[in-house]
Structure formats: structure tokens, C-alpha cells
Amino acid sequence: MSQARIRWISGPVLRAGTQDVFHVHEAVAVGPSALLGEVIKLGPDDFVAQIYEDTTGLKPGDSVAGTGQPLSIPLGPGILGTICDGLLRPLDASNGPFIRPGSRLKPARRFGFEPTVHSGDRVRPGQPIGKVATPRPQLCLIPPDAAAGIVGWVASAGEYSEAEPICRLEHEGEATREIALTHSWPVRQPRPVSQRLPITGPMITGQRVLDTLFPVGRGSRAALPGGFGTGKTILQNALAKWSDADIIVYVGCGERGNEMSEVLDELPKLQDPRSGRPLMERTVIIANTSNMPVAAREASIYTAITVAEYFRDQGLHVALMADSTSRWAEALREVSGRLEELPGEAGYPAYLSSRLAQFYERAGRVSTLAGAEGSVTIIGAISPAAGDFTEPVTMHTRRCVRTFWALDRGRAQARFFPAIHPLQSYSADVDALARWWQAQGNPDWSAQRKRLLELLEAQSRLERMARIVGKDALPPAQQLILLCADLVDDAILRQSSYSETDRYCSPQRQTEILSVVIRFIDLARGAVDAGVHPDRIGDLPVRRTLQRIGEEFGEAQIPRIRALWKQLDSEFSNLPRERADAG
């Protein structure tokens, strides 16, 4: 074991002198409490390490012991349904109000195991060797870094602890390797896959403004920027509950303690709408608040993506919610400043963009080593100061993601939720997902989506003009644009997370709502061309029905949405006759 002595320490960063061999990213144990750290820079006879725990009490001369292994976390069935810190140590009552310095995760829980291989079978890395009985069934995998071999022994069906051997692999000319329910993996090293696959389908969020206008592909990357109070956390909670992902990994990275406490209090109480069981049974929460050690905040992002890849390798579809990458970038900036590195934009280190790219590129839809299909979809929240989307974290993130959901402070202050700005947001996954929507019974989805965005863009231009000359001074065709755009806002873009009826909208209901709104727009344009004044169209009972269509027509009332077509045709067909009578 390599040994060193602290020469200098400042907060989470220390410099240690040694004649032994250390490696970059090697995990180290520091001081009498064996605090966990990681080597980040090497010199001729010394190195620099960052410490992931409170360094109070450390002093020059204290020992630093190398482990010979990179910073790793244990991955096993016990992490599902837990709340952990940035190093994957459980935050529960057994640890008291605070985690003891230097403590490590010691697998102790027991799980039911049923083997799916037999002695003499040849197995390869990433292959399942058994099923694990948890509320959300899991698989026990051969670790990806293991060599292919022959099963010399496998445990019979029964209960075993996470660290107890359940299989023994024999390799020609090599030592045997024992496999347990839990194995370790370096957090900064992506887990290998057989093949990366193209995006073919969306991750359904249940939010109309996202699925209809700015969809995110399964295995893609999305950014959710917004200033304070714009609803980032509420929206991410809604995505965690209603998205069609198999597993949710939620990482609170550097968030305020009071906000994180609300998440930790509310999320475990939520019910999974698909199974009726607690949502936590398919969720992992990694909590690293702003008052926790700053270096651990930097590591928490990598811990979360490694956990997501572990479940992906079981053939599951995982959604990773990171809230927020701005606090993670601030941790990079603080550690970089203590290393006396030359600052880049806004004081962030010059390698900010490459670190963001390394994180987001670990998303993807893949063929696992075992041949199954799995995916990791990353949704990273950003907290730009004063809502400035030109600041470095937001700008660099835009180059890494394919979907950009911009939250607008003005909409949030007007109590318009989700406060997604339709003209600042975009999705590069639209072309890849058009065929999926066509298969759902909406062959005109791309054209309808384009029409809505053009309508909302025209609304933005006309509203500025209307503030100058007044709405009544606009020509009837332009007044109709404003009327139809308001309908789109109410019927499609607005959706309350607290509504029992409208907090989730299936693709089928979204298709019906979109089609009937487009039908209203077409009929309204025809009526105005025929001489009907827009005010008469705005007074139609069907318009008021469409404004509240999300609230009044739930998932069980989809056939009633189709029946609105007859009401539309009836009311619009009477408009010319009423106009003639009035004349």
C-alpha cells in the first residue's frame, strides 16, 4: 500500500509528499479517520488530492494511504429504493443525523436469489446469472471487467447477503473469481456496451408541451434551464413520477437544504401510477446539498450516471434527473481555484465544456453486453444566475444536449405551468420520432407541431404590435392569430402537476387534443375569410370547452374528445347564417 504525508491543505484540496507510486483518480484514505479522497494531479515527488468529506482537523504530517484502485462505488440490488449521499452511502436513521467521517457502505441486507445458470455453463461479462427478489425484480450480472469463463459453482435458490459469493467462475490458466450480488465499478469510467443504437422512440413524459412540441428521445439528452422560482424541481418531480422510464435516478447536486428536504419528504410518499406501489421501489435518490463537502458534489454526478448505467445493463430504461449541473460546475470552479488553475469564462475552469460533454455522452440507447436493449436518458437542470442563458454552463450544455426546455420567469410569475418558453426551446429528436408518432395514429404530427410553433411565433410579433396600436386596431386575420394562440396556450401548453385529471396526458390523449385544436384553427380561418369577425368566434361555446379540455376530458374521456369534432362543425356552420341574419 502506497503511503504519503500531507504537506499542505486548503479546504477539500491537499498536497502530499511521497516516494511511492500513486495514480491519477486513485482513491486514497486520508488522516486518522480514513477520509475518502481521490488523486487529481501528480508531481515528481508529490500529488494533489481532493477530499470528499469534511476536512476539519486535518493537518500537515497526517498520513495519506493509497488503495491502488480508482474511486469506485458498490453496485447491487440494495441501492434501489434508497436515499444516499454523493458517495452512495445511505442516508437513513441507522447512521444518525450525520454520516460518520470515513464510514463506508457495508452491504448487509439479504435478498432472495434464483440462479439462471448451471455448473459447467460458459458465461461472458455482463451476462445475467440469476434473478434477485426485490419489489422491482432485478438481475445479478457478471461484472463487465470479469473475463469470460465457465461456471464452476453457483448457489442454489435462497437468501444471501450482498457481499456473499453466489457464483464461482473458472478461467483457463487463471485464478477463479467469486461473484457476489454486489460488485464495484469506477465512477469515472463508462460501463462497456455491445453497441450504441440510434434513437427510435420517445421517452414519454406525460407533459403535452414536452411530448408534443419538444420531445426527448429515449436514450437522449435534455437540458432544463431556468431561474429561481420557475419550477425546475416541480417539473422534474412530475417527470420522475409520470415518465415511462423503468428506473428513476434523481441526484440533488448542491441544491439548497430546504429544497432537498422537500424532495426527500415528498418523493418517497408518491405512488407509482403504473403499479400502484410506492414510487421509491424503482427510484434511487442521491442527495448532496450545498452545505455538504464541495468535492463530493463534483463526484455525485458521476456516482449517479454509474448507478444509471448499472440498471441500464440489466436491460432497463433509466431516466437520470440531475438538479442541478450549475451547482456541480460551481464545485469544479471552487476546487479549480484552490488548485490555482487559470480561470476561464466567469471563473469556471477551462475544462468545463469537456467535463459536461463527458457526463452527457454517457447517455444513450444501447445493446448491452448480454444482448438486451437498455437506455439512459439524462435530464439536467441548470440554474443560470438571473435567468441568463448566455452564461457558460448553459451555453456549453447546449452543445451537449439534443433537447432544450427553457423555463421562462415571466410565464412562471403569471402562474403558467409548466413555464416552458415555446420560442426558446427546441428538440433535435423530432425527425427521429416522427415515425413513432405516425405509428400512434397521428400521421400529421410533424406538420401539426410545425403549425403550432409558427402560430406562437406570429403571436409574439403581434403582441408587441398590439401593445402599441391596440388589439382592436389589428386586421381580423391578425386578431384571429392572437385568439388561436391563446387557445393553444390554454389547451396544450398549460398543464397543472396538481390536477387529478390533467397531471398526466397519454400520447393518445395528446394526439386527440392536438387534432381537435388544429381543426378549430382551420375552421376559424375559414370563417374569418368568409367575413366572420374573430370576436364571434371567441364567443363560441366550443372554444370555452377547448380552453379547459385538459381538465374536463381525462384519460377515460378520450372518445368524448373525438365527439367535439361534430360540435365544432355544427357551431362553425351556423356562423355565416347568424352573420347574414344580423345584417
# chains A, B, ... in the order shown; residues from 1 in each chain; ligands from 1
$ residues_around --residues "segment 239-249 of chain A" --least-positions-apart "5" --cutoff "10 Å" --atoms "only C-alpha atoms" --output "MDAnalysis selection string"
chainID A and resid 80:81 136 202:207 218 233:234 267 270:274 279:286 304:305 307:308 311:312 315:322 374:379 497 503:506
$ residues_around --residues "Ser184 of chain A" --least-positions-apart "4" --cutoff "6 Å" --atoms "only C-alpha atoms" --output "list in words"
Ser72, Ile73, Pro74 and Leu75 of chain A
$ atom_distance --atom1 "atom CA of Gly276 of chain A" --atom2 "atom CA of Glu500 of chain A"
15.1 Å
$ closest_residue --among "A:Pro198, A:Gly252, A:Gly470, A:Gly76" --to "His183 of chain A" --atoms "only C-alpha atoms"
A:Gly76
$ residues_around --residues "Ala372 of chain A" --least-positions-apart "4" --cutoff "12 Å" --atoms "only C-alpha atoms" --output "VMD selection string"
chain A and resid 126 to 128 193 to 197 311 to 317 365 to 368
$ closest_residue --among "A:Thr212, A:Val528, A:Val517, A:Asn237" --to "Leu264 of chain A" --atoms "only C-alpha atoms"
A:Asn237
$ atom_distance --atom1 "atom CA of Ala563 of chain A" --atom2 "atom CA of Gln438 of chain A"
21.7 Å
$ atom_distance --atom1 "atom CA of Glu298 of chain A" --atom2 "atom CA of Ser33 of chain A"
21.5 Å
$ closest_residue --among "A:Phe417, A:Tyr498, A:Trp153, A:Tyr302" --to "Gln189 of chain A" --atoms "only C-alpha atoms"
A:Tyr302
$ select_by_dssp --residues "segment 368-407 of chain A" --states "helix (DSSP H, G or I)" --output "PDB file with N, CA and C atoms, in the first residue's frame"
ATOM      1  N   ALA A 385     -27.628  32.192 -13.238  1.00  0.00           N
ATOM      2  CA  ALA A 385     -27.830  33.386 -12.418  1.00  0.00           C
ATOM      3  C   ALA A 385     -28.685  34.399 -13.164  1.00  0.00           C
ATOM      4  N   ALA A 386     -29.742  34.873 -12.482  1.00  0.00           N
ATOM      5  CA  ALA A 386     -30.665  35.868 -13.041  1.00  0.00           C
ATOM      6  C   ALA A 386     -31.327  35.378 -14.325  1.00  0.00           C
ATOM      7  N   GLY A 387     -31.375  34.066 -14.527  1.00  0.00           N
ATOM      8  CA  GLY A 387     -32.017  33.516 -15.722  1.00  0.00           C
ATOM      9  C   GLY A 387     -31.291  33.829 -17.012  1.00  0.00           C
ATOM     10  N   PRO A 392     -21.836  30.579 -18.995  1.00  0.00           N
ATOM     11  CA  PRO A 392     -21.051  29.457 -19.541  1.00  0.00           C
ATOM     12  C   PRO A 392     -21.695  28.083 -19.396  1.00  0.00           C
ATOM     13  N   VAL A 393     -22.288  27.771 -18.229  1.00  0.00           N
ATOM     14  CA  VAL A 393     -22.813  26.418 -18.031  1.00  0.00           C
ATOM     15  C   VAL A 393     -23.940  26.138 -19.026  1.00  0.00           C
ATOM     16  N   THR A 394     -24.854  27.102 -19.205  1.00  0.00           N
ATOM     17  CA  THR A 394     -25.951  26.918 -20.142  1.00  0.00           C
ATOM     18  C   THR A 394     -25.449  26.831 -21.574  1.00  0.00           C
ATOM     19  N   MET A 395     -24.517  27.698 -21.940  1.00  0.00           N
ATOM     20  CA  MET A 395     -24.018  27.713 -23.312  1.00  0.00           C
ATOM     21  C   MET A 395     -23.283  26.420 -23.653  1.00  0.00           C
ATOM     22  N   HIS A 396     -22.427  25.941 -22.759  1.00  0.00           N
ATOM     23  CA  HIS A 396     -21.699  24.698 -23.028  1.00  0.00           C
ATOM     24  C   HIS A 396     -22.640  23.495 -23.024  1.00  0.00           C
ATOM     25  N   THR A 397     -23.658  23.538 -22.167  1.00  0.00           N
ATOM     26  CA  THR A 397     -24.607  22.432 -22.124  1.00  0.00           C
ATOM     27  C   THR A 397     -25.390  22.326 -23.417  1.00  0.00           C
ATOM     28  N   ARG A 398     -25.721  23.455 -24.025  1.00  0.00           N
ATOM     29  CA  ARG A 398     -26.490  23.441 -25.273  1.00  0.00           C
ATOM     30  C   ARG A 398     -25.756  22.677 -26.368  1.00  0.00           C
TER      31      ARG A 398
END
$ residues_around --residues "Trp328 of chain A" --least-positions-apart "6" --cutoff "7 Å" --atoms "only C-alpha atoms" --output "ChimeraX atom specification"
/A:253-254,297-298
$ residues_around --residues "Glu345 of chain A" --least-positions-apart "4" --cutoff "9 Å" --atoms "only C-alpha atoms" --output "list in words"
Pro349, Ala350, Glu391 and Pro392 of chain A
$ closest_residue --among "A:Pro44, A:Pro60, A:Pro186, A:Pro115" --to "Leu87 of chain A" --atoms "only C-alpha atoms"
A:Pro186
$ closest_residue --among "A:Pro144, A:Thr116, A:Leu480, A:Thr390" --to "Arg536 of chain A" --atoms "only C-alpha atoms"
A:Leu480
$ residues_around --residues "Glu457 of chain A" --least-positions-apart "4" --cutoff "8 Å" --atoms "only C-alpha atoms" --output "VMD selection string"
chain A and resid 423 453 461
$ closest_residue --among "A:Val216, A:Ile513, A:Ile549, A:Ala295" --to "Trp405 of chain A" --atoms "only C-alpha atoms"
A:Val216
$ select_by_dssp --residues "segment 392-559 of chain A" --states "strand (DSSP E or B)" --output "VMD selection string"
chain A and resid 403 to 404 407 420 426 to 427
$ write_last_selection --atoms "N, CA and C atoms" --output "short mmCIF file (atom, residue, chain, number, x, y, z; two decimals), in the first residue's frame"
data_model
loop_
_atom_site.label_atom_id
_atom_site.label_comp_id
_atom_site.auth_asym_id
_atom_site.auth_seq_id
_atom_site.Cartn_x
_atom_site.Cartn_y
_atom_site.Cartn_z
N THR A 403 -32.10 18.23 -26.67
CA THR A 403 -33.38 18.85 -26.35
C THR A 403 -33.15 19.94 -25.31
N PHE A 404 -33.78 21.09 -25.52
CA PHE A 404 -33.57 22.25 -24.66
C PHE A 404 -34.94 22.77 -24.22
N LEU A 407 -37.12 27.35 -19.34
CA LEU A 407 -38.16 27.84 -18.43
C LEU A 407 -38.12 29.36 -18.39
N ILE A 420 -42.57 26.48 -19.72
CA ILE A 420 -41.68 26.27 -20.85
C ILE A 420 -41.92 27.36 -21.90
N TYR A 426 -36.25 23.88 -27.96
CA TYR A 426 -36.13 23.15 -29.22
C TYR A 426 -35.84 21.68 -28.94
N SER A 427 -36.01 20.85 -29.96
CA SER A 427 -35.68 19.43 -29.87
C SER A 427 -35.09 18.98 -31.19
#
$ residues_around --residues "segment 111-114 of chain A" --least-positions-apart "6" --cutoff "12 Å" --atoms "only C-alpha atoms" --output "mmCIF file with N, CA and C atoms, in the first residue's frame"
data_model
loop_
_atom_site.group_PDB
_atom_site.id
_atom_site.type_symbol
_atom_site.label_atom_id
_atom_site.label_comp_id
_atom_site.auth_asym_id
_atom_site.auth_seq_id
_atom_site.Cartn_x
_atom_site.Cartn_y
_atom_site.Cartn_z
ATOM 1 N N GLY A 76 -25.318 -2.977 -6.559
ATOM 2 C CA GLY A 76 -26.028 -4.205 -6.247
ATOM 3 C C GLY A 76 -27.505 -3.945 -6.047
ATOM 4 N N PRO A 77 -28.271 -4.955 -5.726
ATOM 5 C CA PRO A 77 -29.723 -4.793 -5.597
ATOM 6 C C PRO A 77 -30.136 -3.877 -4.455
ATOM 7 N N GLY A 78 -29.235 -3.692 -3.467
ATOM 8 C CA GLY A 78 -29.600 -2.909 -2.297
ATOM 9 C C GLY A 78 -29.712 -1.425 -2.533
ATOM 10 N N PRO A 128 -26.475 -12.077 -17.280
ATOM 11 C CA PRO A 128 -27.179 -12.378 -16.024
ATOM 12 C C PRO A 128 -26.928 -13.826 -15.605
ATOM 13 N N ILE A 129 -26.733 -14.013 -14.310
ATOM 14 C CA ILE A 129 -26.556 -15.368 -13.785
ATOM 15 C C ILE A 129 -27.671 -15.738 -12.816
ATOM 16 N N GLY A 130 -28.571 -14.805 -12.553
ATOM 17 C CA GLY A 130 -29.663 -15.112 -11.647
ATOM 18 C C GLY A 130 -30.599 -13.934 -11.481
ATOM 19 N N LYS A 131 -31.733 -14.208 -10.867
ATOM 20 C CA LYS A 131 -32.724 -13.183 -10.565
ATOM 21 C C LYS A 131 -32.683 -12.860 -9.078
ATOM 22 N N VAL A 132 -32.896 -11.594 -8.770
ATOM 23 C CA VAL A 132 -32.868 -11.134 -7.380
ATOM 24 C C VAL A 132 -34.265 -10.661 -7.012
ATOM 25 N N ALA A 133 -34.771 -11.164 -5.897
ATOM 26 C CA ALA A 133 -36.122 -10.840 -5.459
ATOM 27 C C ALA A 133 -36.119 -9.512 -4.706
ATOM 28 N N THR A 134 -36.536 -8.458 -5.381
ATOM 29 C CA THR A 134 -36.749 -7.137 -4.787
ATOM 30 C C THR A 134 -38.126 -6.670 -5.248
ATOM 31 N N PRO A 135 -38.700 -5.626 -4.620
ATOM 32 C CA PRO A 135 -40.010 -5.146 -5.072
ATOM 33 C C PRO A 135 -40.067 -4.881 -6.571
ATOM 34 N N PRO A 137 -38.169 -6.432 -9.584
ATOM 35 C CA PRO A 137 -37.225 -7.527 -9.843
ATOM 36 C C PRO A 137 -35.964 -7.055 -10.553
ATOM 37 N N GLN A 138 -34.817 -7.586 -10.124
ATOM 38 C CA GLN A 138 -33.536 -7.224 -10.693
ATOM 39 C C GLN A 138 -32.782 -8.474 -11.138
ATOM 40 N N LEU A 139 -31.668 -8.248 -11.834
ATOM 41 C CA LEU A 139 -30.812 -9.325 -12.297
ATOM 42 C C LEU A 139 -29.450 -9.208 -11.625
ATOM 43 N N CYS A 140 -28.803 -10.341 -11.409
ATOM 44 C CA CYS A 140 -27.426 -10.366 -10.940
ATOM 45 C C CYS A 140 -26.538 -10.603 -12.156
ATOM 46 N N VAL A 154 -22.499 -22.529 -8.571
ATOM 47 C CA VAL A 154 -23.483 -21.482 -8.417
ATOM 48 C C VAL A 154 -24.376 -21.842 -7.234
ATOM 49 N N ALA A 155 -24.722 -20.840 -6.444
ATOM 50 C CA ALA A 155 -25.535 -21.069 -5.253
ATOM 51 C C ALA A 155 -26.945 -21.511 -5.645
ATOM 52 N N SER A 156 -27.534 -22.292 -4.806
ATOM 53 C CA SER A 156 -28.909 -22.713 -5.012
ATOM 54 C C SER A 156 -29.850 -21.569 -4.639
ATOM 55 N N ALA A 157 -31.103 -21.689 -5.002
ATOM 56 C CA ALA A 157 -32.081 -20.652 -4.681
ATOM 57 C C ALA A 157 -32.181 -20.477 -3.170
ATOM 58 N N GLY A 158 -32.188 -19.217 -2.747
ATOM 59 C CA GLY A 158 -32.269 -18.917 -1.323
ATOM 60 C C GLY A 158 -31.931 -17.465 -1.069
ATOM 61 N N GLU A 159 -31.753 -17.105 0.204
ATOM 62 C CA GLU A 159 -31.427 -15.734 0.581
ATOM 63 C C GLU A 159 -29.940 -15.605 0.863
ATOM 64 N N TYR A 160 -29.353 -14.519 0.344
ATOM 65 C CA TYR A 160 -27.919 -14.296 0.507
ATOM 66 C C TYR A 160 -27.683 -12.802 0.746
ATOM 67 N N SER A 161 -26.614 -12.494 1.464
ATOM 68 C CA SER A 161 -26.239 -11.103 1.665
ATOM 69 C C SER A 161 -25.593 -10.569 0.399
ATOM 70 N N GLU A 162 -25.509 -9.251 0.294
ATOM 71 C CA GLU A 162 -24.987 -8.634 -0.926
ATOM 72 C C GLU A 162 -23.524 -8.985 -1.183
ATOM 73 N N ALA A 163 -22.757 -9.199 -0.122
ATOM 74 C CA ALA A 163 -21.327 -9.472 -0.294
ATOM 75 C C ALA A 163 -21.004 -10.962 -0.321
ATOM 76 N N GLU A 164 -21.992 -11.811 -0.135
ATOM 77 C CA GLU A 164 -21.753 -13.252 -0.059
ATOM 78 C C GLU A 164 -21.608 -13.840 -1.464
ATOM 79 N N PRO A 165 -20.587 -14.687 -1.716
ATOM 80 C CA PRO A 165 -20.410 -15.274 -3.049
ATOM 81 C C PRO A 165 -21.606 -16.142 -3.422
ATOM 82 N N ILE A 166 -22.056 -15.979 -4.669
ATOM 83 C CA ILE A 166 -23.170 -16.806 -5.158
ATOM 84 C C ILE A 166 -22.782 -17.542 -6.447
ATOM 85 N N CYS A 167 -21.565 -17.289 -6.929
ATOM 86 C CA CYS A 167 -21.105 -17.961 -8.140
ATOM 87 C C CYS A 167 -19.579 -17.946 -8.175
ATOM 88 N N ALA A 180 -20.430 -11.986 -6.364
ATOM 89 C CA ALA A 180 -21.453 -11.726 -5.353
ATOM 90 C C ALA A 180 -22.590 -10.927 -5.984
ATOM 91 N N LEU A 181 -23.631 -10.686 -5.204
ATOM 92 C CA LEU A 181 -24.732 -9.869 -5.703
ATOM 93 C C LEU A 181 -24.280 -8.441 -5.983
ATOM 94 N N THR A 182 -23.228 -7.995 -5.305
ATOM 95 C CA THR A 182 -22.716 -6.632 -5.445
ATOM 96 C C THR A 182 -21.310 -6.666 -6.029
#
$ decode --residues "segment 271-368 of chain A" --atoms "C-alpha atoms" --output "mmCIF file, in the first residue's frame"
data_model
loop_
_atom_site.group_PDB
_atom_site.id
_atom_site.type_symbol
_atom_site.label_atom_id
_atom_site.label_comp_id
_atom_site.auth_asym_id
_atom_site.auth_seq_id
_atom_site.Cartn_x
_atom_site.Cartn_y
_atom_site.Cartn_z
ATOM 1 C CA GLN A 271 -47.388 6.377 -5.642
ATOM 2 C CA ASP A 272 -46.263 4.810 -8.901
ATOM 3 C CA PRO A 273 -49.254 5.354 -11.217
ATOM 4 C CA ARG A 274 -48.377 2.277 -13.259
ATOM 5 C CA SER A 275 -48.118 -0.264 -10.446
ATOM 6 C CA GLY A 276 -49.967 1.437 -7.596
ATOM 7 C CA ARG A 277 -46.955 0.770 -5.347
ATOM 8 C CA PRO A 278 -44.566 3.336 -3.817
ATOM 9 C CA LEU A 279 -42.561 5.178 -6.459
ATOM 10 C CA MET A 280 -39.404 4.695 -4.376
ATOM 11 C CA GLU A 281 -39.393 0.991 -5.282
ATOM 12 C CA ARG A 282 -37.979 1.985 -8.671
ATOM 13 C CA THR A 283 -36.109 5.111 -7.612
ATOM 14 C CA VAL A 284 -32.635 5.960 -6.320
ATOM 15 C CA ILE A 285 -32.147 9.388 -4.724
ATOM 16 C CA ILE A 286 -28.634 10.800 -4.398
ATOM 17 C CA ALA A 287 -28.698 13.851 -2.143
ATOM 18 C CA ASN A 288 -25.725 16.189 -1.939
ATOM 19 C CA THR A 289 -26.843 19.544 -0.573
ATOM 20 C CA SER A 290 -24.935 22.812 -0.757
ATOM 21 C CA ASN A 291 -23.691 22.532 2.837
ATOM 22 C CA MET A 292 -22.056 19.136 2.197
ATOM 23 C CA PRO A 293 -18.353 18.925 1.231
ATOM 24 C CA VAL A 294 -17.887 20.645 -2.110
ATOM 25 C CA ALA A 295 -15.721 17.929 -3.673
ATOM 26 C CA ALA A 296 -18.415 15.316 -3.016
ATOM 27 C CA ARG A 297 -20.768 17.498 -5.064
ATOM 28 C CA GLU A 298 -18.436 17.069 -8.027
ATOM 29 C CA ALA A 299 -18.383 13.285 -7.550
ATOM 30 C CA SER A 300 -22.154 12.920 -7.107
ATOM 31 C CA ILE A 301 -22.838 13.434 -10.820
ATOM 32 C CA TYR A 302 -20.526 10.558 -11.728
ATOM 33 C CA THR A 303 -21.998 8.394 -8.977
ATOM 34 C CA ALA A 304 -25.481 8.964 -10.394
ATOM 35 C CA ILE A 305 -24.596 8.152 -14.011
ATOM 36 C CA THR A 306 -22.741 5.000 -12.906
ATOM 37 C CA VAL A 307 -25.818 3.833 -10.993
ATOM 38 C CA ALA A 308 -27.952 4.565 -14.084
ATOM 39 C CA GLU A 309 -25.609 2.538 -16.305
ATOM 40 C CA TYR A 310 -25.782 -0.377 -13.862
ATOM 41 C CA PHE A 311 -29.571 -0.611 -14.255
ATOM 42 C CA ARG A 312 -29.276 0.005 -17.998
ATOM 43 C CA ASP A 313 -27.059 -3.080 -18.237
ATOM 44 C CA GLN A 314 -29.977 -5.122 -16.848
ATOM 45 C CA GLY A 315 -31.978 -4.212 -19.954
ATOM 46 C CA LEU A 316 -33.916 -1.397 -18.273
ATOM 47 C CA HIS A 317 -34.745 2.120 -19.429
ATOM 48 C CA VAL A 318 -33.406 4.662 -16.931
ATOM 49 C CA ALA A 319 -34.154 8.381 -16.550
ATOM 50 C CA LEU A 320 -31.474 10.386 -14.739
ATOM 51 C CA MET A 321 -32.626 13.709 -13.253
ATOM 52 C CA ALA A 322 -29.695 15.969 -12.319
ATOM 53 C CA ASP A 323 -30.661 19.024 -10.250
ATOM 54 C CA SER A 324 -28.597 20.979 -10.926
ATOM 55 C CA THR A 325 -25.475 20.907 -13.066
ATOM 56 C CA SER A 326 -24.870 24.585 -12.272
ATOM 57 C CA ARG A 327 -24.049 23.689 -8.650
ATOM 58 C CA TRP A 328 -21.805 20.905 -9.931
ATOM 59 C CA ALA A 329 -19.982 23.409 -12.135
ATOM 60 C CA GLU A 330 -19.594 25.725 -9.131
ATOM 61 C CA ALA A 331 -17.901 22.875 -7.274
ATOM 62 C CA LEU A 332 -15.487 22.490 -10.197
ATOM 63 C CA ARG A 333 -14.793 26.224 -10.030
ATOM 64 C CA GLU A 334 -14.093 26.182 -6.300
ATOM 65 C CA VAL A 335 -11.714 23.221 -6.473
ATOM 66 C CA SER A 336 -10.016 24.715 -9.538
ATOM 67 C CA GLY A 337 -9.469 27.953 -7.655
ATOM 68 C CA ARG A 338 -7.814 26.126 -4.762
ATOM 69 C CA LEU A 339 -5.534 24.413 -7.289
ATOM 70 C CA GLU A 340 -4.573 27.885 -8.561
ATOM 71 C CA GLU A 341 -5.510 26.999 -12.132
ATOM 72 C CA LEU A 342 -6.026 29.770 -14.671
ATOM 73 C CA PRO A 343 -9.749 30.571 -14.762
ATOM 74 C CA GLY A 344 -11.846 30.597 -17.909
ATOM 75 C CA GLU A 345 -15.227 32.230 -18.535
ATOM 76 C CA ALA A 346 -16.880 33.565 -15.351
ATOM 77 C CA GLY A 347 -14.113 31.936 -13.297
ATOM 78 C CA TYR A 348 -15.020 28.400 -14.364
ATOM 79 C CA PRO A 349 -12.109 26.103 -15.242
ATOM 80 C CA ALA A 350 -11.095 25.854 -18.895
ATOM 81 C CA TYR A 351 -12.131 22.200 -18.967
ATOM 82 C CA LEU A 352 -15.787 22.882 -18.022
ATOM 83 C CA SER A 353 -17.073 22.105 -21.512
ATOM 84 C CA SER A 354 -15.198 18.808 -21.756
ATOM 85 C CA ARG A 355 -16.442 17.686 -18.323
ATOM 86 C CA LEU A 356 -20.026 18.469 -19.311
ATOM 87 C CA ALA A 357 -19.568 16.540 -22.551
ATOM 88 C CA GLN A 358 -18.121 13.534 -20.699
ATOM 89 C CA PHE A 359 -21.197 13.452 -18.463
ATOM 90 C CA TYR A 360 -23.889 13.881 -21.123
ATOM 91 C CA GLU A 361 -22.231 11.490 -23.585
ATOM 92 C CA ARG A 362 -22.790 8.637 -21.145
ATOM 93 C CA ALA A 363 -26.487 8.796 -22.049
ATOM 94 C CA GLY A 364 -27.693 6.589 -24.870
ATOM 95 C CA ARG A 365 -29.788 3.720 -26.113
ATOM 96 C CA VAL A 366 -27.574 0.649 -26.253
ATOM 97 C CA SER A 367 -27.343 -3.057 -26.794
ATOM 98 C CA THR A 368 -25.888 -4.412 -23.550
#
